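Here's final_21.txt, which has compact mmCIF, C-alpha atoms:
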```
# COMPACT_ATOMS: atom_id res chain seq x y z
CA ARG A 1207 -17.16 -27.63 0.25
CA GLU A 1208 -15.58 -24.65 2.02
CA TYR A 1209 -13.71 -24.25 5.30
CA SER A 1210 -13.48 -21.41 7.81
CA ASN A 1211 -11.89 -20.67 11.18
CA SER A 1212 -15.22 -19.20 12.33
CA ILE A 1213 -18.86 -19.95 11.53
CA ASP A 1214 -20.18 -16.83 13.26
CA PHE A 1215 -21.05 -14.99 10.04
CA GLY A 1216 -23.56 -12.69 11.78
CA SER A 1217 -26.87 -11.41 10.41
CA TYR A 1218 -25.32 -9.47 7.53
CA ASP A 1219 -26.84 -9.19 4.07
CA TYR A 1220 -24.56 -11.22 1.81
CA SER A 1221 -26.55 -10.60 -1.38
CA GLY A 1222 -24.26 -7.77 -2.55
CA ASN A 1223 -20.64 -7.65 -3.64
CA PRO A 1224 -17.95 -9.25 -1.44
CA ASN A 1225 -16.13 -6.87 0.88
CA LEU A 1226 -12.46 -6.57 -0.10
CA MET A 1227 -11.49 -4.37 2.86
CA ASN A 1228 -9.74 -5.90 5.85
CA ASN A 1229 -11.91 -6.51 8.90
CA LEU A 1230 -10.89 -3.37 10.75
CA GLY A 1231 -10.60 -2.59 14.44
CA PHE A 1232 -9.02 -0.10 16.82
CA SER A 1233 -5.48 -1.43 16.37
CA ASP A 1234 -5.59 -0.60 12.64
CA PHE A 1235 -5.72 3.20 13.22
CA ILE A 1236 -2.98 5.59 14.31
CA ILE A 1237 -2.51 9.36 14.42
CA GLN A 1238 -0.19 10.40 11.61
CA SER A 1239 0.17 14.05 12.65
CA GLY A 1240 -1.68 16.72 14.60
CA ASP A 1241 -3.12 16.85 18.11
CA GLY A 1242 -5.81 14.42 19.16
CA THR A 1243 -6.66 11.04 20.65
CA LEU A 1244 -8.25 7.81 19.45
CA GLN A 1245 -10.59 5.64 21.49
CA ASP A 1246 -12.18 2.27 20.82
CA ASN A 1247 -16.00 2.41 21.06
CA ARG A 1248 -16.45 -1.30 20.26
CA THR A 1249 -17.91 -0.95 16.74
CA ALA A 1250 -16.50 2.49 15.93
CA LEU A 1251 -13.45 4.69 16.36
CA LYS A 1252 -13.89 7.82 18.47
CA ILE A 1253 -11.65 10.61 17.17
CA SER A 1254 -11.01 13.59 19.43
CA LYS A 1255 -9.38 16.68 17.89
CA THR A 1256 -7.73 18.87 20.52
CA SER A 1257 -6.10 21.78 18.68
CA ASN A 1258 -6.65 24.13 15.73
CA LYS A 1259 -4.09 22.28 13.64
CA PRO A 1260 -5.19 19.75 11.01
CA LEU A 1261 -5.42 16.18 12.33
CA TYR A 1262 -4.28 13.30 10.10
CA ILE A 1263 -5.19 9.68 10.88
CA ILE A 1264 -4.19 6.64 8.84
CA CYS A 1265 -5.61 3.15 8.76
CA GLY A 1266 -3.78 0.04 7.63
CA TYR A 1267 -0.30 0.82 8.96
CA SER A 1268 1.12 -1.07 11.94
CA ASN A 1269 4.42 -2.57 13.00
CA SER A 1270 6.18 -0.36 10.44
CA GLN A 1271 4.34 -1.82 7.45
CA TYR A 1272 1.18 -1.31 5.39
CA ALA A 1273 -1.36 -4.10 5.63
CA LEU A 1274 -4.52 -3.23 3.66
CA THR A 1275 -5.73 -5.55 0.91
CA PRO A 1276 -4.17 -4.42 -2.41
CA ILE A 1277 -6.31 -3.11 -5.27
CA LEU A 1278 -5.66 -4.06 -8.89
CA SER A 1279 -4.93 -2.17 -12.10
CA ASN A 1280 -7.73 -1.10 -14.45
CA LYS A 1281 -10.51 -1.92 -12.01
CA THR A 1282 -13.47 0.12 -10.78
CA TYR A 1283 -14.04 0.09 -7.03
CA THR A 1284 -16.57 1.63 -4.65
CA ILE A 1285 -15.64 2.47 -1.06
CA THR A 1286 -18.17 3.30 1.66
CA TYR A 1287 -17.54 4.85 5.09
CA ARG A 1288 -20.00 5.58 7.92
CA LEU A 1289 -19.33 8.72 9.93
CA ARG A 1290 -21.08 10.86 12.57
CA LYS A 1291 -20.41 13.80 14.85
CA LEU A 1292 -20.59 13.62 18.63
CA GLU A 1293 -22.18 16.20 20.91
CA ASN A 1294 -19.10 18.36 21.44
CA PHE A 1295 -18.06 18.58 17.78
CA VAL A 1296 -17.68 22.19 16.63
CA PRO A 1297 -18.02 22.56 12.82
CA LYS A 1298 -17.06 25.58 10.73
CA GLN A 1299 -18.31 26.61 7.30
CA GLY A 1300 -15.76 25.79 4.62
CA LYS A 1301 -13.77 23.42 6.85
CA ASN A 1302 -13.90 19.80 5.86
CA ILE A 1303 -13.50 16.19 6.89
CA ILE A 1304 -11.68 14.29 4.15
CA LEU A 1305 -11.57 10.53 3.57
CA ARG A 1306 -8.97 9.08 1.18
CA TYR A 1307 -7.83 5.73 -0.18
CA ARG A 1308 -4.09 6.10 -0.77
CA LEU A 1309 -1.24 4.15 -2.26
CA LYS A 1310 2.14 4.68 -3.85
CA GLN A 1311 3.30 3.87 -7.35
CA ASN A 1312 6.98 3.21 -6.86
CA THR A 1313 7.63 6.12 -4.44
CA THR A 1314 4.99 8.54 -5.78
CA ASP A 1315 1.92 9.14 -3.59
CA ASN A 1316 -1.50 8.62 -5.18
CA ILE A 1317 -4.92 9.56 -3.80
CA LEU A 1318 -7.92 7.55 -5.00
CA GLY A 1319 -11.56 7.73 -3.98
CA GLU A 1320 -11.34 11.02 -2.06
CA ILE A 1321 -14.50 12.13 -0.25
CA THR A 1322 -14.76 15.73 1.06
CA ILE A 1323 -17.49 16.42 3.64
CA ASP A 1324 -18.34 19.97 4.73
CA SER A 1325 -18.11 19.88 8.52
CA THR A 1326 -21.44 21.74 8.84
CA ASN A 1327 -23.25 18.92 7.01
CA ILE A 1328 -22.21 15.99 9.17
CA SER A 1329 -25.05 14.34 11.10
CA ASN A 1330 -25.18 13.09 14.69
CA THR A 1331 -26.25 9.65 13.40
CA PHE A 1332 -24.02 7.38 11.36
CA THR A 1333 -24.33 8.33 7.68
CA ALA A 1334 -22.85 6.49 4.70
CA TYR A 1335 -20.44 8.32 2.40
CA THR A 1336 -19.57 6.57 -0.86
CA LYS A 1337 -17.06 7.11 -3.65
CA THR A 1338 -16.46 5.18 -6.88
CA PHE A 1339 -13.04 5.32 -8.54
CA THR A 1340 -11.10 3.58 -11.33
CA THR A 1341 -7.48 2.65 -10.77
CA GLY A 1342 -6.01 2.83 -14.28
CA ASN A 1343 -2.67 1.13 -14.90
CA LEU A 1344 -0.85 0.91 -11.57
CA VAL A 1345 2.96 0.80 -11.81
CA SER A 1346 4.66 -0.98 -8.90
CA PRO A 1347 1.82 -0.19 -6.46
CA ASN A 1348 2.51 -0.43 -2.72
CA SER A 1349 1.70 1.12 0.68
CA TYR A 1350 -2.10 0.78 0.48
CA HIS A 1351 -3.83 2.67 3.31
CA LEU A 1352 -6.74 4.91 4.27
CA GLN A 1353 -6.34 8.49 5.48
CA LEU A 1354 -8.80 10.68 7.37
CA VAL A 1355 -8.16 14.43 7.67
CA LEU A 1356 -9.90 16.92 9.94
CA ASP A 1357 -9.22 20.48 8.76
CA ASP A 1358 -7.74 23.20 10.94
CA GLU A 1359 -10.17 25.16 13.15
CA LEU A 1360 -12.38 22.10 13.73
CA SER A 1361 -12.60 20.72 17.26
CA GLY A 1362 -14.36 18.05 19.28
CA ASP A 1363 -15.23 14.42 18.59
CA ILE A 1364 -16.44 12.38 15.62
CA GLY A 1365 -17.11 8.67 15.19
CA LEU A 1366 -15.94 6.48 12.30
CA ASP A 1367 -17.63 3.08 12.05
CA TYR A 1368 -15.20 0.19 11.59
CA SER A 1369 -17.52 -1.27 8.94
CA ILE A 1370 -15.74 0.25 5.93
CA LYS A 1371 -16.52 -1.54 2.68
CA LEU A 1372 -14.38 -1.71 -0.46
CA GLU A 1373 -16.01 -3.58 -3.33
CA GLU A 1374 -15.44 -4.08 -7.00
CA GLY A 1375 -17.91 -2.30 -9.29
CA GLY A 1376 -19.66 1.05 -9.52
CA ALA A 1377 -22.36 0.64 -6.86
CA SER A 1378 -22.44 0.43 -3.06
CA THR A 1379 -24.04 -2.74 -1.69
CA PRO A 1380 -24.81 -3.72 1.93
CA PHE A 1381 -21.88 -4.15 4.30
CA GLN A 1382 -20.64 -7.57 5.29
CA PRO A 1383 -17.27 -8.62 6.71
CA ASN A 1384 -14.46 -9.84 4.50
CA LEU A 1385 -14.70 -13.61 4.85
CA LEU A 1386 -11.20 -14.11 3.41
CA ASP A 1387 -9.69 -12.10 6.28
CA LYS A 1388 -9.37 -12.91 9.98
CA PRO A 1389 -11.10 -14.41 11.88
CA TYR A 1390 -12.80 -16.35 9.05
CA TYR A 1391 -10.11 -17.19 6.48
CA LEU A 1392 -12.75 -18.82 4.26
CA SER A 1393 -11.08 -21.33 1.95
CA LYS A 1394 -11.82 -24.27 -0.32
CA THR A 1395 -9.06 -26.25 1.41
CA PRO A 1396 -9.06 -27.40 5.05
CA LEU A 1397 -7.41 -24.96 7.42
CA GLY A 1398 -4.77 -26.34 9.74
CA GLU A 1399 -4.94 -25.62 13.45
CA ASN A 1400 -2.35 -23.18 14.80
CA ILE A 1401 -0.34 -25.26 17.26
CA ALA A 1402 2.26 -22.59 18.08
CA SER A 1403 2.74 -21.69 21.72
CA LYS A 1404 0.15 -19.17 22.98
CA THR A 1405 2.51 -18.06 25.77
CA VAL A 1406 4.81 -16.10 23.42
CA THR A 1407 4.04 -12.37 23.23
CA PHE A 1408 4.15 -10.57 19.86
CA PRO A 1409 5.56 -8.53 18.24
CA ILE A 1410 9.10 -9.67 18.96
CA LYS A 1411 11.93 -7.15 18.62
CA SER A 1412 15.34 -8.78 18.72
CA SER A 1413 18.84 -8.53 17.28
CA GLY A 1414 19.72 -12.01 18.51
CA PHE A 1415 20.18 -15.20 16.52
CA ASN A 1416 17.16 -16.91 18.12
CA ILE A 1417 14.08 -14.77 17.48
CA TYR A 1418 11.27 -17.14 18.46
CA VAL A 1419 11.41 -20.02 20.95
CA GLY A 1420 8.31 -21.87 22.14
CA ASP A 1421 6.78 -25.30 22.61
CA THR A 1422 4.00 -26.50 20.32
CA LYS A 1423 0.61 -27.24 21.88
CA GLU A 1424 0.88 -30.89 20.84
CA ASN A 1425 3.61 -33.36 19.98
CA LEU A 1426 4.80 -33.40 16.37
CA VAL A 1427 4.07 -36.62 14.47
CA ILE A 1428 6.79 -38.34 12.44
CA GLY A 1429 5.89 -38.27 8.75
CA GLN A 1430 3.31 -35.49 9.14
CA THR A 1431 3.81 -32.29 7.04
CA TYR A 1432 3.72 -28.98 8.93
CA THR A 1433 3.85 -25.39 7.67
CA ILE A 1434 5.60 -22.59 9.58
CA THR A 1435 4.75 -18.99 8.64
CA LEU A 1436 6.71 -16.01 9.95
CA LYS A 1437 6.06 -12.34 9.19
CA GLY A 1438 8.45 -9.54 10.07
CA THR A 1439 10.34 -6.45 9.02
CA LYS A 1440 14.04 -5.62 8.86
CA PRO A 1441 15.10 -2.14 10.03
CA ALA A 1442 16.64 0.06 7.36
```
Turn the structure described in the file into structure tokens.
Amino acid sequence: REYSNSIDFGSYDYSGNPNLMNNLGFSDFIIQSGDGTLQDNRTALKISKTSNKPLYIICGYSNSQYALTPILSNKTYTITYRLRKLENFVPKQGKNIILRYRLKQNTTDNILGEITIDSTNISNTFTAYTKTFTTGNLVSPNSYHLQLVLDDELSGDIGLDYSIKLEEGGASTPFQPNLLDKPYYLSKTPLGENIASKTVTFPIKSSGFNIYVGDTKENLVIGQTYTITLKGTKPA
């Protein structure tokens, strides 16, 4: 028997490897450096590059912390992205779009699974780009994230599908969401209902003693066990 917060598993093909990547959306992407804008197109991210400088975008960093699912030492993984150009995209021979899985070992940056796409070869329909990589022995790994780079002298818009798949093994299999991530949280143990107040707005930034105050949605029962989970960061 298994439990889930959602039974809307969609019409995906679940015959392949499980997806280890977080279920991504617009809020998971930010501009790291360069000039451009990001727009949510429901199932894909619209990236608009507005200057001749390189544009760097990262995925998996929010609220001052990295949040992608960690990868393990001495494992082989395959990552698949789906990318397309929009009508106003202006390519240039020798200028690239680069997709990277990145992490740090202690404080040293590491790039894994890098895909380099010549800007003149990108299609106007979503096309899959796949890379297989082996991690080796990771020493104190941290800061897992994705990075997308648009070279200098490129301009206009591209689309990146949110359906990025990271799977264990050397082959790419059909995309399906990560059922261990939100909103599913698939588990072999019953999932408790979140009875915290829905009127409190997050994230909370405070230097006060009381950080969170709110009423539960139902009365607490004497003798019943409850679990409280808090997640936060402390400024340096």
How many Å separate atom CA of A:Gly1342 from atom CA of A:Pro1276?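 Going from atom CA of A:Gly1342 over to atom CA of A:Pro1276 covers 14.0 Å.
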For each of A:Tyr1368, A:Tyr1272, A:Tyr1283, A:Phe1332, take the minimum atom-to-atom distance to A:Pro1347, counting all atoms listed in the file, then give the residue where this is smallest.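 Using all atoms listed in the file, A:Pro1347 sits closest to A:Tyr1272.
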Atom CA of A:Asn1280 and atom CA of A:Tyr1335 are how many Å apart? 23.1 Å
Just checking: using all atoms listed in the file, which residue out of A:Ser1257, A:Gln1299, A:Thr1333, A:Ser1369 ends up closest to A:Phe1232?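 Between A:Ser1257, A:Gln1299, A:Thr1333, A:Ser1369, the residue approaching A:Phe1232 most closely is A:Ser1369.
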Any idea what the distance is between atom CA of A:Leu1372 and atom CA of A:Asp1241?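 Separation of atom CA of A:Leu1372 and atom CA of A:Asp1241: 28.6 Å.
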I need the residue nearest A:Ser1349 from this list: A:Leu1426, A:Leu1289, A:Ile1317, A:Ile1434. Use all atoms listed in the file for the distance.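 The closest residue to A:Ser1349 is A:Ile1317.
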Working from the structure I just supplied, which lacks atoms in stretch 1317-1328 of chain A, can you model all heavy atoms there and output them as a PDB file, in the frame of the given file?
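part19.pdb, freshly written:
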```pdb
ATOM      1  N   ILE A1317      -3.664   9.497  -4.545  1.00  0.00           N
ATOM      2  CA  ILE A1317      -4.920   9.560  -3.800  1.00  0.00           C
ATOM      3  C   ILE A1317      -6.039   9.079  -4.704  1.00  0.00           C
ATOM      4  O   ILE A1317      -6.223   9.597  -5.804  1.00  0.00           O
ATOM      5  CB  ILE A1317      -5.207  10.989  -3.304  1.00  0.00           C
ATOM      6  CG1 ILE A1317      -4.132  11.440  -2.312  1.00  0.00           C
ATOM      7  CG2 ILE A1317      -6.589  11.069  -2.659  1.00  0.00           C
ATOM      8  CD1 ILE A1317      -4.276  12.892  -1.881  1.00  0.00           C
ATOM      9  N   LEU A1318      -6.793   8.092  -4.245  1.00  0.00           N
ATOM     10  CA  LEU A1318      -7.920   7.550  -5.000  1.00  0.00           C
ATOM     11  C   LEU A1318      -9.170   7.622  -4.119  1.00  0.00           C
ATOM     12  O   LEU A1318      -9.099   7.492  -2.899  1.00  0.00           O
ATOM     13  CB  LEU A1318      -7.659   6.101  -5.398  1.00  0.00           C
ATOM     14  CG  LEU A1318      -6.431   5.851  -6.286  1.00  0.00           C
ATOM     15  CD1 LEU A1318      -6.215   4.356  -6.456  1.00  0.00           C
ATOM     16  CD2 LEU A1318      -6.606   6.506  -7.640  1.00  0.00           C
ATOM     17  N   GLY A1319     -10.301   7.806  -4.725  1.00  0.00           N
ATOM     18  CA  GLY A1319     -11.560   7.730  -3.980  1.00  0.00           C
ATOM     19  C   GLY A1319     -11.678   8.747  -2.870  1.00  0.00           C
ATOM     20  O   GLY A1319     -12.148   8.419  -1.776  1.00  0.00           O
ATOM     21  N   GLU A1320     -11.281   9.995  -3.115  1.00  0.00           N
ATOM     22  CA  GLU A1320     -11.340  11.020  -2.060  1.00  0.00           C
ATOM     23  C   GLU A1320     -12.767  11.526  -1.860  1.00  0.00           C
ATOM     24  O   GLU A1320     -13.472  11.837  -2.822  1.00  0.00           O
ATOM     25  CB  GLU A1320     -10.415  12.178  -2.400  1.00  0.00           C
ATOM     26  CG  GLU A1320     -10.415  13.283  -1.350  1.00  0.00           C
ATOM     27  CD  GLU A1320      -9.346  14.327  -1.607  1.00  0.00           C
ATOM     28  OE1 GLU A1320      -8.167  14.037  -1.321  1.00  0.00           O
ATOM     29  OE2 GLU A1320      -9.688  15.410  -2.111  1.00  0.00           O
ATOM     30  N   ILE A1321     -13.188  11.599  -0.614  1.00  0.00           N
ATOM     31  CA  ILE A1321     -14.500  12.130  -0.250  1.00  0.00           C
ATOM     32  C   ILE A1321     -14.277  13.353   0.642  1.00  0.00           C
ATOM     33  O   ILE A1321     -13.593  13.259   1.666  1.00  0.00           O
ATOM     34  CB  ILE A1321     -15.343  11.098   0.507  1.00  0.00           C
ATOM     35  CG1 ILE A1321     -15.543   9.838  -0.341  1.00  0.00           C
ATOM     36  CG2 ILE A1321     -16.695  11.688   0.913  1.00  0.00           C
ATOM     37  CD1 ILE A1321     -16.228   8.705   0.405  1.00  0.00           C
ATOM     38  N   THR A1322     -14.857  14.498   0.270  1.00  0.00           N
ATOM     39  CA  THR A1322     -14.760  15.730   1.060  1.00  0.00           C
ATOM     40  C   THR A1322     -16.134  16.059   1.621  1.00  0.00           C
ATOM     41  O   THR A1322     -17.090  16.227   0.875  1.00  0.00           O
ATOM     42  CB  THR A1322     -14.232  16.887   0.198  1.00  0.00           C
ATOM     43  OG1 THR A1322     -12.935  16.551  -0.308  1.00  0.00           O
ATOM     44  CG2 THR A1322     -14.122  18.163   1.029  1.00  0.00           C
ATOM     45  N   ILE A1323     -16.218  16.170   2.950  1.00  0.00           N
ATOM     46  CA  ILE A1323     -17.490  16.420   3.640  1.00  0.00           C
ATOM     47  C   ILE A1323     -17.397  17.760   4.349  1.00  0.00           C
ATOM     48  O   ILE A1323     -16.507  17.968   5.187  1.00  0.00           O
ATOM     49  CB  ILE A1323     -17.779  15.315   4.674  1.00  0.00           C
ATOM     50  CG1 ILE A1323     -17.691  13.929   4.020  1.00  0.00           C
ATOM     51  CG2 ILE A1323     -19.144  15.526   5.323  1.00  0.00           C
ATOM     52  CD1 ILE A1323     -17.574  12.798   5.032  1.00  0.00           C
ATOM     53  N   ASP A1324     -18.296  18.700   4.014  1.00  0.00           N
ATOM     54  CA  ASP A1324     -18.340  19.970   4.730  1.00  0.00           C
ATOM     55  C   ASP A1324     -18.703  19.683   6.187  1.00  0.00           C
ATOM     56  O   ASP A1324     -19.692  18.987   6.465  1.00  0.00           O
ATOM     57  CB  ASP A1324     -19.365  20.909   4.102  1.00  0.00           C
ATOM     58  CG  ASP A1324     -19.268  22.324   4.655  1.00  0.00           C
ATOM     59  OD1 ASP A1324     -19.361  22.496   5.885  1.00  0.00           O
ATOM     60  OD2 ASP A1324     -19.105  23.259   3.851  1.00  0.00           O
ATOM     61  N   SER A1325     -17.924  20.195   7.109  1.00  0.00           N
ATOM     62  CA  SER A1325     -18.110  19.880   8.520  1.00  0.00           C
ATOM     63  C   SER A1325     -19.484  20.304   9.043  1.00  0.00           C
ATOM     64  O   SER A1325     -19.982  19.750  10.030  1.00  0.00           O
ATOM     65  CB  SER A1325     -17.021  20.531   9.366  1.00  0.00           C
ATOM     66  OG  SER A1325     -17.071  21.951   9.260  1.00  0.00           O
ATOM     67  N   THR A1326     -20.119  21.292   8.383  1.00  0.00           N
ATOM     68  CA  THR A1326     -21.440  21.740   8.840  1.00  0.00           C
ATOM     69  C   THR A1326     -22.552  20.799   8.388  1.00  0.00           C
ATOM     70  O   THR A1326     -23.695  20.944   8.821  1.00  0.00           O
ATOM     71  CB  THR A1326     -21.741  23.160   8.313  1.00  0.00           C
ATOM     72  OG1 THR A1326     -21.738  23.139   6.876  1.00  0.00           O
ATOM     73  CG2 THR A1326     -20.707  24.155   8.818  1.00  0.00           C
ATOM     74  N   ASN A1327     -22.224  19.835   7.525  1.00  0.00           N
ATOM     75  CA  ASN A1327     -23.250  18.920   7.010  1.00  0.00           C
ATOM     76  C   ASN A1327     -23.234  17.549   7.660  1.00  0.00           C
ATOM     77  O   ASN A1327     -24.078  16.714   7.345  1.00  0.00           O
ATOM     78  CB  ASN A1327     -23.060  18.736   5.494  1.00  0.00           C
ATOM     79  CG  ASN A1327     -23.354  20.005   4.724  1.00  0.00           C
ATOM     80  OD1 ASN A1327     -24.113  20.864   5.180  1.00  0.00           O
ATOM     81  ND2 ASN A1327     -22.733  20.158   3.563  1.00  0.00           N
ATOM     82  N   ILE A1328     -22.297  17.305   8.564  1.00  0.00           N
ATOM     83  CA  ILE A1328     -22.210  15.990   9.170  1.00  0.00           C
ATOM     84  C   ILE A1328     -23.303  15.812  10.212  1.00  0.00           C
ATOM     85  O   ILE A1328     -23.602  16.724  10.992  1.00  0.00           O
ATOM     86  CB  ILE A1328     -20.801  15.740   9.768  1.00  0.00           C
ATOM     87  CG1 ILE A1328     -20.659  14.297  10.246  1.00  0.00           C
ATOM     88  CG2 ILE A1328     -20.487  16.710  10.875  1.00  0.00           C
ATOM     89  CD1 ILE A1328     -19.236  13.936  10.624  1.00  0.00           C
TER      90      ILE A1328
END
```
